[in-house]
Amino acid sequence: MPFSELYFNVDNGYLEGLVRGFKAGILSQADYLNLVQCETLEDLKLHLQSTDYGSFLANEASPLTVSVIDDKLKEKMVVEFRHMRNQSYEPLASFMDFITSCNLQKYYEETLLSSFPSYCFFRYSYMIDNVILLITGTLHQRAISELVPKCHPLGSFEQMEAVNIAQTPAELYNAILVDTPLAAFFQDCISEQDLDEMNIEIIRNTLYKAYLEAFYKFCTSLGGTTADTMCPILEFEADRRAFIITINSFGTELSKEDRAKLFPHCGKLYPEGLAQLARADDYEQVKAVAEYYPEYKLLFEGAGSNPGDKTLEDRFFEHEVKLNKLAFLNQFHFSVFYAYVKLKEQECRNIVWIAECIAQRHRAKIDNYIPIF
Amino acid sequence: MRVDQQLRLDEQLLLFMDQLEALEEKRHKLNSLIEEGWFSIAKARYSMGNKQVSALQYASEMEPLVYVETSVLEGGTAEFKCERKENKTEELKNNTIEDIGAKETGLRRRINTTQKGVKEEEQETDGQVKTKAEPSTPEHRDPLKWFGILVPQNLKQAQSAFKEVITLSAEIASLQSAILATRKEMQAQMEKQEKTEKTQPEIKKE
């Protein structure tokens, strides 16, 4: 509708203000410079106390481990997101569900689980990750009670604990996922074959492809500034997945036809680039495909596997950060919420990387984090 | 006599020093490979996510892929050799042909009829033995597959670093045992030399 900026603040003004406030708390370059000078994880904890994180590690038993730090960082982000999601109206609520999940409490808080409809249309990247984590864990005989606490809290859903009883993708769908939001994405994955590593990988990527395409469609339907800012981000995500899947599939048993089925179609590479990627046999051919697209050409040029070079994945993360920062330059749209979640995730990755370098006393690559602001 | 002894002692000393140097080098390499392996895992976690590369991805019970063969050599030194288990389907096929006896034929025929049809029964009995052998061999899955099929390069690098660590540790163990043996020999030789010095001092003076 025309002049949508005039009406945006009625429903979403408080939340946009809130998310911009949270965004101001994202660690800056100066904070990172302090963190890389820490000698131990206790030092790191001390330095993080002076940031927006505060004393989030105060109640943790020593010795501190990197995995505990990772969990607590995520928890903090989840609390902030949950607060915003609880206050949101449609269509922002659906948008935020698309980012994460319809159940934002931890899986065992059943009261809140029942308050959100599980026939939600939308698919969620964290839910997909959780399903795959549970299936893989079960395949390796891990108890469900051990796996569920490790699931991402933003991706929990009611039927999560039943995932382990499925033996084949068909069972997984018919018995469990058909009532969850992930059902519609599962159409392409159903088969009678047993759940082994190859099938799980294919399921994971097919689910994600369906989710990304649905999210893209949803953003285009929202229109306006949201579409203008979200669509480039999602296109890049689709293309990046195509590149990474191709490169990682060299030397594995994944056939070219199977590989082509995993590429999301909502990016710039569709259709010609994807067709060429499906035929690629080595890294050089992938790079040749990227040459046709100016932004991707730049990313591939800066990457290499010599010591001192950035890896291609680092370049992709950098580009993602750049696109997400751009979302904050516009007002009265929903992309700020998506961008906030993604930037917080990158921040979490940065802090965990620095913590690993400190814990392993391998400080050579400690500066490989990606500064955000 | 004494000159011989001294020469032998010198040789042993040189051997001892060489072995120590080799041990130092190997230990240094072992340490750096282990560091490299863990660091590659940290890099893989950065791109895949912390929970995707963790204890949740593997079973608490697993079958080893590498075996260490121990043997004792003449000098009393222990030797350790690493052997990696390959997919020995050929060998096992022959074994199972002997194992499957008359008891199995009935079952085999039944499976045969449901899958392939009655007419092929007789021809298939031999072939069936071979085909039955394949599913019964435990497939030695590459541990890399625990983390998925499309894993980043870093994880593959970590795996090759740790594989090298295994062979190196066996070598280091053998070398350590050899060094202890050399040292013992040297000490015995030195004592012998002292004894001969005591019994033959007059000859030297002359």
# chains A, B, ... in the order shown; residues from 1 in each chain; ligands from 1
>>> closest_atom_pairs(of="chain A", to="chain B", cutoff="6 Å", atoms="only C-alpha atoms", output="tab-separated table")
residue	atom	partner	partner_atom	distance
A:Gly137	CA	B:Leu56	CA	5.5
A:His140	CA	B:Ala59	CA	4.3
A:Gln141	CA	B:Ala59	CA	5.5
A:Glu197	CA	B:Gly148	CA	5.9
A:Glu201	CA	B:Gly148	CA	5.9
A:Asn248	CA	B:Leu150	CA	5.0
A:Ser249	CA	B:Leu150	CA	5.5
>>> write_last_selection(atoms="N, CA, C and O atoms", output="PDB file, in the first residue's frame")
ATOM      1  N   GLY A 137      22.347 -38.178  15.331  1.00  0.00           N
ATOM      2  CA  GLY A 137      22.662 -38.662  16.667  1.00  0.00           C
ATOM      3  C   GLY A 137      22.076 -40.036  16.903  1.00  0.00           C
ATOM      4  O   GLY A 137      22.729 -40.928  17.443  1.00  0.00           O
ATOM      5  N   HIS A 140      23.883 -42.827  15.306  1.00  0.00           N
ATOM      6  CA  HIS A 140      25.085 -43.204  16.022  1.00  0.00           C
ATOM      7  C   HIS A 140      24.791 -43.580  17.451  1.00  0.00           C
ATOM      8  O   HIS A 140      25.648 -43.467  18.320  1.00  0.00           O
ATOM      9  N   GLN A 141      23.585 -44.037  17.685  1.00  0.00           N
ATOM     10  CA  GLN A 141      23.184 -44.577  18.985  1.00  0.00           C
ATOM     11  C   GLN A 141      23.365 -43.632  20.151  1.00  0.00           C
ATOM     12  O   GLN A 141      23.744 -44.066  21.234  1.00  0.00           O
ATOM     13  N   GLU A 197      24.157 -41.959   5.965  1.00  0.00           N
ATOM     14  CA  GLU A 197      24.756 -40.623   5.910  1.00  0.00           C
ATOM     15  C   GLU A 197      24.444 -39.898   4.610  1.00  0.00           C
ATOM     16  O   GLU A 197      24.205 -38.689   4.607  1.00  0.00           O
ATOM     17  N   GLU A 201      22.315 -36.390   4.408  1.00  0.00           N
ATOM     18  CA  GLU A 201      22.878 -35.190   3.787  1.00  0.00           C
ATOM     19  C   GLU A 201      21.929 -34.666   2.726  1.00  0.00           C
ATOM     20  O   GLU A 201      21.683 -33.461   2.646  1.00  0.00           O
ATOM     21  N   ASN A 248      32.333 -28.949  -1.967  1.00  0.00           N
ATOM     22  CA  ASN A 248      32.469 -30.024  -0.982  1.00  0.00           C
ATOM     23  C   ASN A 248      32.137 -31.391  -1.541  1.00  0.00           C
ATOM     24  O   ASN A 248      32.471 -32.407  -0.943  1.00  0.00           O
ATOM     25  N   SER A 249      31.453 -31.417  -2.704  1.00  0.00           N
ATOM     26  CA  SER A 249      31.049 -32.724  -3.219  1.00  0.00           C
ATOM     27  C   SER A 249      32.140 -33.373  -4.060  1.00  0.00           C
ATOM     28  O   SER A 249      32.006 -34.530  -4.447  1.00  0.00           O
TER      29      SER A 249
END
>>> residues_around(residues="A:Gln285", least_positions_apart="5", cutoff="12 Å", atoms="only C-alpha atoms", output="ChimeraX atom specification")
/A:243,246-247,250,273,276-280,290-292,300
>>> write_last_selection(atoms="N, CA and C atoms", output="PDB file, in the first residue's frame")
ATOM      1  N   PHE A 243      27.544 -22.982  -4.508  1.00  0.00           N
ATOM      2  CA  PHE A 243      29.010 -23.073  -4.624  1.00  0.00           C
ATOM      3  C   PHE A 243      29.589 -24.042  -3.605  1.00  0.00           C
ATOM      4  N   THR A 246      28.820 -27.678  -4.304  1.00  0.00           N
ATOM      5  CA  THR A 246      29.631 -28.196  -5.415  1.00  0.00           C
ATOM      6  C   THR A 246      31.045 -28.479  -4.955  1.00  0.00           C
ATOM      7  N   ILE A 247      31.664 -27.507  -4.288  1.00  0.00           N
ATOM      8  CA  ILE A 247      33.064 -27.686  -3.910  1.00  0.00           C
ATOM      9  C   ILE A 247      33.224 -28.841  -2.924  1.00  0.00           C
ATOM     10  N   PHE A 250      33.225 -32.646  -4.336  1.00  0.00           N
ATOM     11  CA  PHE A 250      34.300 -33.266  -5.119  1.00  0.00           C
ATOM     12  C   PHE A 250      34.955 -34.350  -4.294  1.00  0.00           C
ATOM     13  N   GLY A 273      23.913 -20.699 -14.449  1.00  0.00           N
ATOM     14  CA  GLY A 273      25.039 -20.940 -13.537  1.00  0.00           C
ATOM     15  C   GLY A 273      24.913 -22.271 -12.835  1.00  0.00           C
ATOM     16  N   GLN A 276      25.813 -25.120 -15.069  1.00  0.00           N
ATOM     17  CA  GLN A 276      27.264 -25.281 -15.230  1.00  0.00           C
ATOM     18  C   GLN A 276      27.897 -25.850 -13.975  1.00  0.00           C
ATOM     19  N   LEU A 277      27.411 -25.411 -12.825  1.00  0.00           N
ATOM     20  CA  LEU A 277      27.971 -25.934 -11.580  1.00  0.00           C
ATOM     21  C   LEU A 277      27.713 -27.419 -11.452  1.00  0.00           C
ATOM     22  N   ALA A 278      26.554 -27.846 -11.954  1.00  0.00           N
ATOM     23  CA  ALA A 278      26.223 -29.269 -11.844  1.00  0.00           C
ATOM     24  C   ALA A 278      27.203 -30.110 -12.642  1.00  0.00           C
ATOM     25  N   ARG A 279      27.800 -29.482 -13.665  1.00  0.00           N
ATOM     26  CA  ARG A 279      28.725 -30.256 -14.511  1.00  0.00           C
ATOM     27  C   ARG A 279      30.167 -30.121 -14.031  1.00  0.00           C
ATOM     28  N   ALA A 280      30.433 -29.252 -13.084  1.00  0.00           N
ATOM     29  CA  ALA A 280      31.821 -28.966 -12.711  1.00  0.00           C
ATOM     30  C   ALA A 280      32.491 -30.155 -12.040  1.00  0.00           C
ATOM     31  N   ALA A 290      31.966 -18.729 -11.676  1.00  0.00           N
ATOM     32  CA  ALA A 290      31.815 -17.494 -10.905  1.00  0.00           C
ATOM     33  C   ALA A 290      32.259 -16.269 -11.699  1.00  0.00           C
ATOM     34  N   GLU A 291      33.137 -16.490 -12.695  1.00  0.00           N
ATOM     35  CA  GLU A 291      33.644 -15.359 -13.477  1.00  0.00           C
ATOM     36  C   GLU A 291      32.535 -14.604 -14.186  1.00  0.00           C
ATOM     37  N   TYR A 292      31.419 -15.308 -14.458  1.00  0.00           N
ATOM     38  CA  TYR A 292      30.334 -14.640 -15.189  1.00  0.00           C
ATOM     39  C   TYR A 292      29.550 -13.671 -14.327  1.00  0.00           C
ATOM     40  N   PHE A 300      35.822 -14.870  -5.358  1.00  0.00           N
ATOM     41  CA  PHE A 300      36.737 -15.971  -5.667  1.00  0.00           C
ATOM     42  C   PHE A 300      38.160 -15.479  -5.832  1.00  0.00           C
TER      43      PHE A 300
END
>>> residues_around(residues="B:Val66", least_positions_apart="3", cutoff="6 Å", atoms="only C-alpha atoms", output="list in words")
Glu83, Arg84 and Lys85 of chain B
>>> residues_around(residues="A:Cys348", least_positions_apart="6", cutoff="8 Å", atoms="only C-alpha atoms", output="ChimeraX atom specification")
/A:70,73-74
>>> residues_around(residues="A:Lys325", least_positions_apart="4", cutoff="9 Å", atoms="only C-alpha atoms", output="ChimeraX atom specification")
/A:320-321,329,336,339-340,343,372-373
